[in-house]
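Heads up, the thing below is written out as structure tokens.
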Amino acid sequence: MNQAMGSAEPTVKVTLHGAPDGMPATVLVRLADFSPDRLKIPFRAGYEHFVPQDSSPGVPEDGAVFVWCDRTKFAE
């Protein structure tokens, strides 16, 4: 688990597979933003949704792999 500089919130570094062009292959995600089965990352004018490649329950460790599954737009 990482601790972002200047931040008291713990983070985890995850790898994203199938992400849209221009999106980084790895990201730091605040643990508070995790749900058990989905990761939602803001990108451009919406959210990119990812599911864990490994179906182990709980908070992922650094290096966990998430696979792109959906995109939604920001509410207007």
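Numbering starts fresh at 1 for the residues of each chain in the structure tokens, the chains themselves are lettered A, B, ... in the order given, and ligands are numbered from 1 as they appear.
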* Could you pull out all residues of chain A with a DSSP call of strand (DSSP E) and give them as an MDAnalysis selection string? -> chainID A and resid 2:3 10:17 26:30 39:43 46:52 64:73
What's around Lys13 in chain A at 8 Å? Count only C-alpha atoms, leave out sequence neighbours fewer than 4 positions away in its own chain, and write the answer as a compact mmCIF listing (two decimals) with C-alpha atoms, in the first residue's frame.
```
# COMPACT_ATOMS: atom_id res chain seq x y z
CA MET A 1 0.00 0.00 0.00
CA ASN A 2 1.30 3.46 -0.87
CA THR A 26 -1.05 2.17 -13.99
CA VAL A 27 -2.79 4.49 -11.55
CA LEU A 28 -2.82 5.23 -7.83
CA VAL A 29 -6.32 4.84 -6.40
CA GLU A 61 -2.54 -5.18 -3.23
CA ASP A 62 -0.16 -3.00 -5.23
CA GLY A 63 0.12 -4.36 -8.75
CA ALA A 64 -3.42 -5.77 -8.89
```
* Go through A:Cys69, A:Ala8, A:Leu16, A:Ala75 one by one, measure the shortest atom-to-atom distance of each to His49 in chain A using only C-alpha atoms, and give the residue with the smallest value. =>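 Closest candidate: A:Cys69.
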* Closest to Glu9 in chain A among A:Leu39, A:Ser55, A:Gly22, A:Asp33, using only C-alpha atoms? ->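 Closest to Glu9 in chain A, using only C-alpha atoms: A:Asp33.
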* To do: For Pro20 in chain A, work out the shell of residues within 9 Å, counting only C-alpha atoms and skipping chain neighbours fewer than 4 positions away, then give it as a count of residues only.
  => 3
* To do: Find, counting only C-alpha atoms, the residue in A:Thr11, A:Pro42, A:Gly18, A:Lys73 that gets nearest to Arg30 in chain A.
  =>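 Once distances to Arg30 in chain A are computed over only C-alpha atoms, the minimum belongs to A:Thr11.
Taking only C-alpha atoms into account, Val12 in chain A lies nearest to A:Leu31 out of the set A:Ile41, A:Val51, A:Ala25, A:Leu31.
Using only C-alpha atoms, the smallest distance between any of A:Gln53, A:Pro60, A:Val65, A:Thr72 and Phe34 in chain A comes from A:Pro60.
Comparing the minimum interatomic distances between Val67 in chain A and each of A:Asp54, A:Lys40, A:His17, A:Met23, counting only C-alpha atoms, we find that A:His17 sits nearest.
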